[in-house]
Amino acid sequence: MTTTPSAQVIPSPRDPYARRKTTRGNYELYSWVFMRASGVLLIVLIFGHLFVNLMVGEGVHRIDFAFVGGKWTSPFWQVWDLLMLWLAMFHGTNGVRTIINDYASRDLTRGILKTLLYLAFVITVALGTLVIFTFEPCPANADPALLASICFE
Amino acid sequence: MTAVAENTRADAGTQTDDAPGAVASFEVTLKIRRYNPESEHGENVIWDEFTVQAHGTDRVLDALHKIKWEQDGSLTFRRSCAHGICGSDAMRINGRNRLACKTLLKDVNPDKPITVEPIKGLPVVKDLVVDMEPFFASYREIMPFLITSGNEPSRERIQSQADRDRFDDTTKCILCAACTSSCPVFWTDGQYFGPAAIVNAHRFIFDSRDEGAQQRLEILNDKEGVWRCRTTFNCTEACPRGIQVTKAIQEVKRAMITRAF
Ligand code: HEM
Ligand code: FES
């Protein structure tokens, strides 16, 4: 379809408008379904998270080091927060990938923005996952007044 | 659905003509985006204003004709049928894609200058004329013709009324490009197939007589296919035929999902 510009041939002004190549496949289909499925799960996870942290008992005034440390000793909240982190990150990153494709038109601009995006994704997911599983709720030599009750059992 | 009134002035153009039964006339100014690489302005775009005498029953196309015939013969635009059927004169009028031949002046507030621009996202050739080739290339890609197998029947291919109704809406397309060139995703890089190609694929995918649905779904299951649609509804609003364009795109998406799972 498109003519390859050589030294003699003046590139057709229409070239940038022709579809450059076919990019068929199920990738965008699965990504579209994932946005909806993860969105539904995120409603439950995010609002459950907000409810437990901000509304139950004394609500927001309860949140301190001990509260967070206590929560992450429970496998239930570890899995909850891990799911929330991973789904939000995949969902958000994929959403921003869409936005980059929709707003940046040059391949180079797209490439740079997406590289930064994926870098931010990897750093956030790796750090978050690490913290959820290696969080030390009862550090040695800490002020006992700041620690969760489970540290004294 | 079509031609939505921006201001419903019952008194549009009552300035003159007191004679009973006479069609009132008024002055209207058109602000037109001009581009002619061979003019003294070169590659620069300029805005030209023309004021013409128009009737209350006139359309934007009539005003453009008057300008071209009486004031500036170099003004360039496409039109053929002048009755909303050939799809030649889609243009951006007061910021929205419409057919000049179906848009009454009184519906686009003739009190202020009416802006007229070429449709966006396609290369402008001259003034209001754009190069439609990329648009038609996408249209050709979805194979807009009946695909069947076996012997030709010796009579018509019979279809029930319900089967016909399934795709009735998308048969109305006149390929004017108002939808595709109203889509912000198409504006970005022109790689997206665009609503019009999907509408015309829909017309065959949901036709009980056609056997090429799988191939068409395959073609549109592309990075630049239906999945680039962000459901902004610009296309549905722009369609001069009142086709539920966004709905048709969603139906094609659904067909792809049920096929994949
Ligand atoms: C409350 C639960 C959530 C639901 C139900 C939800 C739902 C959705 C859906 C259905 C889309 C796809 C839109 C489209 O394809 O046109 C989307 C896009 C997006 N979401 Fe979410 N989402 C949720 C939470 C989040 C969170 C926590 C983030 C950030 C980490 C996020 C960031 C994005 C972004 C950046 C997009 C792309 C915007 C676009 O395509 O227009 N969402 N969301
Ligand atoms: S001139 Fe034919 S559609 Fe307007």
# chains A, B, ... in the order shown; residues from 1 in each chain; ligands from 1
call {"tool": "interface_residues", "arguments": {"of": "chain A", "to": "chain B", "cutoff": "7 Å", "atoms": "only C-alpha atoms", "output": "compact mmCIF listing (two decimals) with N, CA and C atoms, in the first residue's frame"}}
result
# COMPACT_ATOMS: atom_id res chain seq x y z
N TYR A 17 -1.55 9.08 7.03
CA TYR A 17 -2.96 8.84 7.32
C TYR A 17 -3.37 7.41 7.00
N ALA A 18 -2.58 6.71 6.18
CA ALA A 18 -2.95 5.33 5.87
C ALA A 18 -2.64 4.46 7.08
N ARG A 19 -3.44 3.41 7.30
CA ARG A 19 -3.16 2.52 8.42
C ARG A 19 -1.84 1.83 8.15
N THR A 23 -2.82 -4.90 13.18
CA THR A 23 -2.37 -5.30 14.51
C THR A 23 -3.49 -6.12 15.14
N ARG A 24 -3.89 -7.19 14.45
CA ARG A 24 -4.99 -8.02 14.96
C ARG A 24 -4.55 -8.87 16.12
N GLY A 25 -5.52 -9.25 16.94
CA GLY A 25 -5.23 -10.12 18.07
C GLY A 25 -6.19 -9.84 19.20
N ASN A 26 -6.17 -10.73 20.19
CA ASN A 26 -7.13 -10.60 21.29
C ASN A 26 -6.63 -9.71 22.42
N GLU A 28 -6.24 -6.43 22.95
CA GLU A 28 -7.09 -5.30 23.35
C GLU A 28 -8.45 -5.78 23.84
N LEU A 29 -8.90 -6.92 23.33
CA LEU A 29 -10.18 -7.49 23.79
C LEU A 29 -10.05 -7.86 25.27
N ASP A 102 -4.30 7.60 23.14
CA ASP A 102 -5.33 8.50 22.60
C ASP A 102 -4.82 9.92 22.41
N TYR A 103 -3.84 10.32 23.22
CA TYR A 103 -3.45 11.73 23.17
C TYR A 103 -2.10 12.00 22.53
N SER A 105 0.53 11.38 19.60
CA SER A 105 0.40 10.82 18.26
C SER A 105 1.74 10.35 17.71
call {"tool": "residues_near_ligand", "arguments": {"ligand": "ligand 2", "cutoff": "9 Å", "atoms": "only C-alpha atoms and all ligand atoms", "output": "list in words"}}
result
Leu61, Arg78, Arg79, Ser80, Cys81, Ala82, His83, Gly84, Ile85, Cys86, Gly87, Ser88, Asp89, Ala90, Leu99, Ala100, Cys101, Lys102, Ile174, Cys176 and Pro240 of chain B
call {"tool": "residues_around", "arguments": {"residues": "range 131-146 of chain A", "least_positions_apart": "3", "cutoff": "12 Å", "atoms": "only C-alpha atoms", "output": "PyMOL selection string"}}
result
chain A and resi 63-86+124-128+149-153
call {"tool": "write_last_selection", "arguments": {"atoms": "C-alpha atoms", "output": "short mmCIF file (atom, residue, chain, number, x, y, z; two decimals), in the first residue's frame"}}
result
data_model
loop_
_atom_site.label_atom_id
_atom_site.label_comp_id
_atom_site.auth_asym_id
_atom_site.auth_seq_id
_atom_site.Cartn_x
_atom_site.Cartn_y
_atom_site.Cartn_z
CA ILE A 63 -5.31 4.75 62.41
CA ASP A 64 -1.74 4.66 63.67
CA PHE A 65 1.32 2.44 63.41
CA ALA A 66 -0.24 -0.19 65.66
CA PHE A 67 -3.45 -0.31 63.60
CA VAL A 68 -1.60 -0.85 60.33
CA GLY A 69 0.84 -3.30 61.91
CA GLY A 70 -2.02 -5.26 63.45
CA LYS A 71 -3.94 -5.43 60.22
CA TRP A 72 -0.98 -6.79 58.26
CA THR A 73 -0.42 -9.65 60.67
CA SER A 74 -3.69 -11.08 59.39
CA PRO A 75 -3.43 -13.10 56.15
CA PHE A 76 -6.93 -11.89 55.28
CA TRP A 77 -5.90 -8.22 55.11
CA GLN A 78 -2.61 -9.12 53.45
CA VAL A 79 -4.48 -10.78 50.61
CA TRP A 80 -7.07 -7.97 50.51
CA ASP A 81 -4.45 -5.25 50.26
CA LEU A 82 -2.35 -7.25 47.82
CA LEU A 83 -5.34 -7.74 45.52
CA MET A 84 -6.26 -4.08 45.81
CA LEU A 85 -2.69 -3.02 45.02
CA TRP A 86 -2.27 -5.32 42.04
CA THR A 124 5.16 0.61 42.98
CA VAL A 125 4.03 -3.01 42.69
CA ALA A 126 7.38 -4.42 43.82
CA LEU A 127 7.70 -2.06 46.80
CA GLY A 128 4.05 -2.47 47.82
CA SER A 149 -1.59 -5.68 71.24
CA ILE A 150 -0.45 -8.77 69.34
CA CYS A 151 3.16 -7.82 70.17
CA PHE A 152 2.53 -8.61 73.85
CA GLU A 153 0.78 -11.97 73.51
#
call {"tool": "atom_distance", "arguments": {"atom1": "atom 23 (C, counted along the ligand's line) of ligand 1", "atom2": "CA of Thr129 in chain A"}}
result
20.1 Å
call {"tool": "closest_atom_pairs", "arguments": {"of": "chain A", "to": "ligand 1", "cutoff": "9 Å", "atoms": "only C-alpha atoms and all ligand atoms", "output": "tab-separated table"}}
result
residue	atom	partner	partner_atom_place_in_ligand_line	distance
A:Trp32	CA	ligand 1	15 (O)	6.3
A:Val33	CA	ligand 1	10 (C)	8.7
A:Phe34	CA	ligand 1	10 (C)	8.7
A:Met35	CA	ligand 1	9 (C)	5.2
A:Arg36	CA	ligand 1	10 (C)	4.4
A:Ala37	CA	ligand 1	10 (C)	7.9
A:Ser38	CA	ligand 1	6 (C)	7.2
A:Gly39	CA	ligand 1	4 (C)	3.5
A:Val40	CA	ligand 1	5 (C)	5.0
A:Leu41	CA	ligand 1	2 (C)	7.2
A:Leu42	CA	ligand 1	2 (C)	4.4
A:Ile43	CA	ligand 1	2 (C)	4.1
A:Val44	CA	ligand 1	2 (C)	7.8
A:Leu45	CA	ligand 1	2 (C)	8.3
A:Ile46	CA	ligand 1	1 (C)	6.5
A:Phe47	CA	ligand 1	1 (C)	7.7
A:Met84	CA	ligand 1	27 (C)	8.4
A:Leu85	CA	ligand 1	30 (C)	8.6
A:Leu87	CA	ligand 1	27 (C)	8.2
A:Ala88	CA	ligand 1	30 (C)	4.6
A:Met89	CA	ligand 1	30 (C)	5.6
A:Phe90	CA	ligand 1	30 (C)	8.0
A:His91	CA	ligand 1	31 (C)	5.9
A:Gly92	CA	ligand 1	32 (C)	3.8
A:Thr93	CA	ligand 1	35 (C)	6.5
A:Asn94	CA	ligand 1	37 (C)	7.0
A:Gly95	CA	ligand 1	37 (C)	3.2
A:Val96	CA	ligand 1	35 (C)	4.6
A:Arg97	CA	ligand 1	37 (C)	7.8
A:Thr98	CA	ligand 1	40 (O)	5.9
A:Ile99	CA	ligand 1	40 (O)	6.2
call {"tool": "atom_distance", "arguments": {"atom1": "CA of Gly212 in chain B", "atom2": "CA of Ile147 in chain B"}}
result
5.3 Å
call {"tool": "residues_around", "arguments": {"residues": "Pro118 in chain B", "least_positions_apart": "3", "cutoff": "6 Å", "atoms": "only C-alpha atoms", "output": "ChimeraX atom specification"}}
result
/B:91-92,128
call {"tool": "select_by_dssp", "arguments": {"residues": "range 9-130 of chain B", "states": "strand (DSSP E or B)", "output": "ChimeraX atom specification"}}
result
/B:25-34,46-55,59,90-93,96-99,104,114-117,124-126,129-130
call {"tool": "atom_distance", "arguments": {"atom1": "CA of Ala196 in chain B", "atom2": "CA of Tyr139 in chain B"}}
result
7.3 Å
call {"tool": "select_by_dssp", "arguments": {"residues": "range 1-119 of chain A", "states": "helix (DSSP H, G or I)", "output": "VMD selection string"}}
result
chain A and resid 15 to 17 27 to 54 59 to 62 65 to 71 75 to 103 107 to 119
call {"tool": "residues_around", "arguments": {"residues": "range 70-75 of chain B", "least_positions_apart": "2", "cutoff": "10 Å", "atoms": "only C-alpha atoms", "output": "list in words"}}
result
Ile32, Arg34, Tyr35, Asn36, Asp48, Phe50, Thr51, Val52, Leu64, His65, Lys66, Ile67, Lys68, Phe77, Lys126, Asp127 and Leu128 of chain B
call {"tool": "closest_residue", "arguments": {"among": "B:Glu40, B:Asp169, B:Asp163, B:Glu27", "to": "Ile114 in chain B", "atoms": "only C-alpha atoms"}}
result
B:Glu27
